[in-house]
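Comments concern the structure below.
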Amino acid sequence: MTTPDAGGTAAVPPAKATPPPATSGPHRAGPRRSVTGTRKTIAALFLLPALVLLGALVLYPIGYSVGRSFFDTAGEFTGFDNYETMFSDDGIRTAIKNNAIWLVAAPALTTALGLIFAVLTERVRWSTAFKLIIFMPMVISMLAAGIIFRLVYESDPDRGVANAMLVGVHDTFAESSAFPQGHPGARSPLKGAGGGAFITKDPVRAGEPVALPLTGVPPDQMPGDATSAKPAAADPGKVTGTAWQDFTRGKGRGKLNAPDTAEFGYPGIKIEAVKGGDVVASTEAAADGTFSLPKEADGAQLRYPASNFREPYNGVDWLGPSLITPAIIGSYIWMWAGFAMVLIAAGLASVPRELLEAARVDGANEWQVFRRVTVPLLAPVLAVVVVTLMINVMKIFDLVFVIPPGSSKDEANVLAVQLYNSAFGDRDAGVASAIAVFLFLLVIPVMLFNMRRMRREGRR
Amino acid sequence: MSTQSETVKASPVRVVKAKQSLGGRIAAVVSGSALRVFLVVVGLFWLVPTLGLMIGSLRTSEDMSESGWWKVFSKPSQLTFENYSNLLKDETITDSILTSLAITVPATLLVVVIGSLAGYAFAWMEFPGRDWWFLGVVGLLVVPVQVALLPVAKLFGEIGIFESTTGVVLFHTAFGLPFAIFLLRNFFADIPRELLEAARLDGAGELRLFLRVVMPLGAPAIASLGIFQFLWVWNDMLIALIFADAGSPPITVALQQQVRFFGDNVQILAPGAFISMVIPLAVFFAFQRQFVSGVMAGAVK
């Protein structure tokens, strides 16, 4: 976790959030005078440890980094060369691009989600339990979150829960194909018809049972209700036949292109009769593979449409090079939505009820009240949340260091990781310092904003 | 009119109860239960990743490589503490927990003590440029740790505390201080003057005033600060990765070293990650209120 102390916009004194034993009173108005008439040496003693540590480990390093960024690895002065490297090196440019994506997407999405949660839970009695669940990920380490999401994003839908959910949803709405990898065997009466479909080489005749043998469907993917394939009975008024897996374990066993009892039918496989490019009839096979088509199919060619053989949907390659950054941002949102929600909920609680009700009385609907009254009143809180998250996201390290597998590390690169690699992997102190200075420059506006705000507060 | 009244009633805020029509009440019940269902679904969705890690840590690696953790719902017999008992026999992990404590406890205490001293000085002592100094501290709130990594590594190398627990503790203390001073100074400044003056009249000196009056009254803020700093340091990986002794790393770094072999070692990673989460979660559940008020203090009015 990187708590807000590591980059919070601690712009406002916490006096109201954590009320001291007795607030109010005239002492708050003017500048506080010492009660004891302290000597300066005592003040210095109280401050010394803090100032020494801050000076040596925070202030001095800023100066050192700025200076070091103008020298190369060997210690020669090189002007702005390191900064030029920074903006021309492919790896670092990827990092800058990704940081920009992070900065735009992560704080906005996290805040939006936090706002939705805060508004929805405002009047729900058991919202505490909900808030606790949403907030909980914030207290665990980004490393643990990284490991958690490495498991979530595993690409095999039998192991990674993200893909398991996607496949579940997909298969609910889109029929999955039942016969992946099915194809005609040797000396088959079928030929490829383009796009993964298969069609009989010759037209079929009513009254002459047709054999439509295929092979290649893995045994563990055969439909559970398949039974032994049977030859179809001849019917002069119909085109009949059998669709089945023409394969018996063991070489040379089983007759080619004729159903054996050890072979299984293809229940539910689709069969179309095609005449001159048009589908004139279609049907599905029974559990034993037999099917029958009406007389119109006489003289047509029979076709297995490609939809029978599509590969099953396996979800998305979350950790692959193209999706890795959105995937990591997803894990970040999971961690930080609770932070946004808690702050926004506190802001909501202080929105005056009368204003909302006045708007409703004036005829505004709920959406208008939210859009025109609540959100503008919340704007300061939303701004603080967004800025805090931006500062936090700018130096995102652990998640990006942990989640991507080796093959997509380069595509996931961000500045903080690049800095670590430059400084402690490539041992290029100059470029590392340039990146550090760049990160520092990015926070300066927030720094000044905080200081201005503080001075205003001091003058109250 | 009817749509209007429905939307108003549909909101949880009952504006004018007497006017509620039957239709309005039905709409309220329907949208209320839709909201509930939605929140339950989102809550479950949020729990799933953690649940996956927890259940995964309770299955053997063979089961994990064969099927997803949700299989335990149909086969609860797969659950076993084997991974945990193996892990606790592994000295690198048990030692790393001790190292984590050896870093976190001093870093938290130091920040609280040094931050309180400075916070008190900024709140109640007079010295030239006091407000400017404090403004400087406020400015340091958002300095990214990245700026200091390389220079401090060099500095620590020169004084011989690079790759040592001492170095990690000092780094965390320094970067925890701006927030600590900011939080405590503002809290201390709101202590009623009369209390301090009364103690002063009783003959208390500056140190006594600080220890007997300011610290006890500041307990809520100090608690928030302590919890934050504890969690921050416990959860840190980057600073430990650079400054800790690679031979006896804290738990985050020990686990990070395992991540490289991801896939072959779920039986170590999953329970290890879960153990590393137990302490922050316990702290969080025990001190929820202080934690949340600390979050507020750090960011918002």
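Just remember, in the structure tokens the first chain shown is A, the second B, etc., residues are 1-based per chain, and ligands are 1-based in the order shown.
Assigned to strand (DSSP E or B) in range 260-442 of chain A, given DSSP computed from backbone atoms, are A:Phe264, A:Gly265, A:Lys270, A:Ile271, A:Glu272, A:Ala273, A:Val274, A:Lys275, A:Asp278, A:Val279, A:Val280, A:Ala281, A:Ser282, A:Thr283, A:Glu284, A:Thr290, A:Phe291, A:Ser292, A:Leu293, A:Gln301, A:Leu302, A:Arg303, A:Tyr304.
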What are the closest atom pairs, with distances in Å to one decimal, for all residues of range 217-256 of chain B lying within 9 Å of range 187-205 of chain B? Consider only C-alpha atoms, order rows by chain and residue number, and present the result as a tab-separated table.
residue	atom	partner	partner_atom	distance
B:Leu217	CA	B:Ile191	CA	7.5
B:Gly218	CA	B:Phe188	CA	6.4
B:Ala221	CA	B:Phe187	CA	6.8
Dump of N, CA and C atoms for the selected residues, as a compact mmCIF listing (two decimals), in the first residue's frame:
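Printed below is result12.txt as written:
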# COMPACT_ATOMS: atom_id res chain seq x y z
N LEU B 217 -3.29 14.00 24.93
CA LEU B 217 -4.42 14.62 24.22
C LEU B 217 -4.34 14.34 22.73
N GLY B 218 -3.13 14.16 22.23
CA GLY B 218 -2.96 13.91 20.80
C GLY B 218 -3.12 12.44 20.43
N ALA B 221 -4.80 11.28 17.05
CA ALA B 221 -4.02 11.57 15.84
C ALA B 221 -2.78 10.69 15.79
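Taking only C-alpha atoms into account, chain B lies nearest to A:Ile134 out of the set A:Val386, A:Val414, A:Ala106, A:Ile134.
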Which polymer residues have any atom within 10 Å of an atom of Asp398 in chain A, counting only C-alpha atoms, with same-chain residues fewer than 4 positions away left out, as a count of residues only? 16
Selection: 10 Å around Ile222 in chain B, only C-alpha atoms, excl. self and same-chain fewer than 6 positions, as a PyMOL selection string: chain B and resi 111-113+115-116+180+183-184+187+215-216+228+290+294
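Closest to Leu389 in chain A among B:Met277, B:Ala246, B:Val142, B:Ile97 is B:Val142, based on only C-alpha atoms.
In this model, the gap between CA of Ser61 in chain B and CA of Glu91 in chain B comes to 20.2 Å.
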From CA of Glu411 in chain A to CA of Asp89 in chain A the spacing works out at 13.8 Å
